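Heads up: the structure comes next, in structure tokens.
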Amino acid sequence: MGRIIRFRSRRWTRSSGYGHRDLRRKVTLRGLARETAGWLGKLRPFILLGIVASIWPAADPALVEPPVFLASEPEKVDQHFSRCGPGRGHACVIDGDTFKLGKRKVRIIGIDAPEVKARCPEEAAKAEASTAELQRLLNQGPFEMVGRIDDRQDRYGRDLRAIRRIRPNGTKQSIAEDMRASGLARRYWGGLKSSWC
């Protein structure tokens with residue numbers, strides 16, 4: 001016959017040896033707290049990122065259009081817009097993201113256009129084209145302005161509004177999206193501006 005191998009009874013006799021928890025182990029509050037703190041520690045960066053992402057738009061209302069539950073009643077506008085300057089009319093365009101209605105200045109939510117008082121010739125050229133494009137879009141017909149119910153303004157006292165138009169086929173036109181699509185405005189990221197030069 002062959003060689004006899006003795007069975008070692010000390011190995012694999014506990015449930016932990018098979019990768020299972022010891023069912024006889026007592027569950028304590030301290031143990032649960034330790035386990036919870038362990039997985040919460042791994043999720044902490046994602047939780048903080050979520051909090052910052054939800055607070056940032058609230059801190060700067062010019063970043064994103066207000067959701068329906070925070071939006072004001074739409075304000076209808078049916079004006080012909082000219083370029084702002086001495087002796088201009090009631091409604092005029094200041095630059096690619098701002099226009100005037102009487103004494104009110106309105107800043108379009110979600111876009112940043114080149115400044116008319118440019119730092120370089122490239123920005124000046126883009127500012128001129130951007131202003132002309134906004135004037136063209138506003139003069140395509142009546143539109144509506146929607147702000148937040150708390151009627152927030154930016155630090156320059158401009159009313160912050162989303163500008164929309166209902167097309168004849170029933171779809172919505174967003175002036176901000178059209179300006180970004182033209183390449184003459186960028187998404188507004190608060191103080192994080194890149195140069196147009």
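By order in the structure tokens, chains are A, B, ...; within a chain, residues start at 1; ligands start at 1, following the order shown.
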
Practice prompt. Find the residues around Val93 of chain A up to 9 Å (only C-alpha atoms counted), leave out those fewer than 4 positions away in its own chain, and share them as a PyMOL selection string.
Written response: chain A and resi 81-84+97-100+131-132+134-135+138

Fill in: DSSP strand (DSSP E) selection over segment 28-177 of chain A, as a ChimeraX atom specification
/A:75-77,82-83,91-95,98-101,104-108,111-112,143-146,159-166,172-174

Store the residues picked out above, limited to C-alpha atoms, as a compact mmCIF listing (two decimals), in the first residue's frame.
```
# COMPACT_ATOMS: atom_id res chain seq x y z
CA GLU A 75 -40.87 88.64 -18.62
CA LYS A 76 -41.85 89.22 -22.26
CA VAL A 77 -39.66 91.56 -24.34
CA SER A 82 -29.52 98.95 -31.51
CA ARG A 83 -25.89 99.31 -30.37
CA ALA A 91 -33.12 98.97 -26.00
CA CYS A 92 -29.47 98.54 -26.95
CA VAL A 93 -26.65 95.98 -26.83
CA ILE A 94 -23.56 96.79 -24.73
CA ASP A 95 -21.44 93.72 -25.54
CA THR A 98 -25.04 92.39 -21.74
CA PHE A 99 -27.81 94.62 -23.05
CA LYS A 100 -29.91 97.53 -21.78
CA LEU A 101 -33.66 97.94 -21.45
CA ARG A 104 -31.86 98.37 -16.59
CA LYS A 105 -28.73 96.46 -17.57
CA VAL A 106 -29.31 92.75 -18.19
CA ARG A 107 -26.50 90.17 -18.07
CA ILE A 108 -27.20 86.85 -19.80
CA ILE A 111 -21.98 83.02 -20.93
CA ASP A 112 -18.88 85.19 -20.92
CA PHE A 143 -38.30 86.69 -26.37
CA GLU A 144 -38.71 86.12 -22.64
CA MET A 145 -36.35 86.74 -19.75
CA VAL A 146 -36.31 84.45 -16.72
CA ASP A 159 -30.06 91.86 -13.64
CA LEU A 160 -29.16 88.22 -14.27
CA ARG A 161 -31.52 86.63 -16.79
CA ALA A 162 -31.82 83.58 -19.00
CA ILE A 163 -33.00 84.65 -22.47
CA ARG A 164 -35.30 82.26 -24.36
CA ARG A 165 -37.49 82.35 -27.40
CA ILE A 166 -40.20 79.92 -28.48
CA LYS A 172 -37.08 76.63 -27.29
CA GLN A 173 -34.15 78.73 -28.44
CA SER A 174 -31.58 79.66 -25.80
```

Item to complete: Rank nothing, just name the residue among A:Leu70, A:Leu49, A:Leu32, A:Leu137 nearest to Asp150 of chain A, using only C-alpha atoms.
Response: A:Leu70

Worksheet item: Excluding same-chain residues fewer than 4 positions from Pro66 of chain A, what lies within 7 Å of it counting only C-alpha atoms, as a PyMOL selection string?
Response: chain A and resi 70-71+147-148

Item to complete: Could you please determine the separation between atom CA of Ala181 of chain A and atom CA of Arg155 of chain A in Å, to one decimal place?
Response: 26.7 Å

Worksheet item: At what distance in Å, to one decimal, does atom CA of Pro168 of chain A lie from atom CA of Val68 of chain A?
Response: 22.6 Å
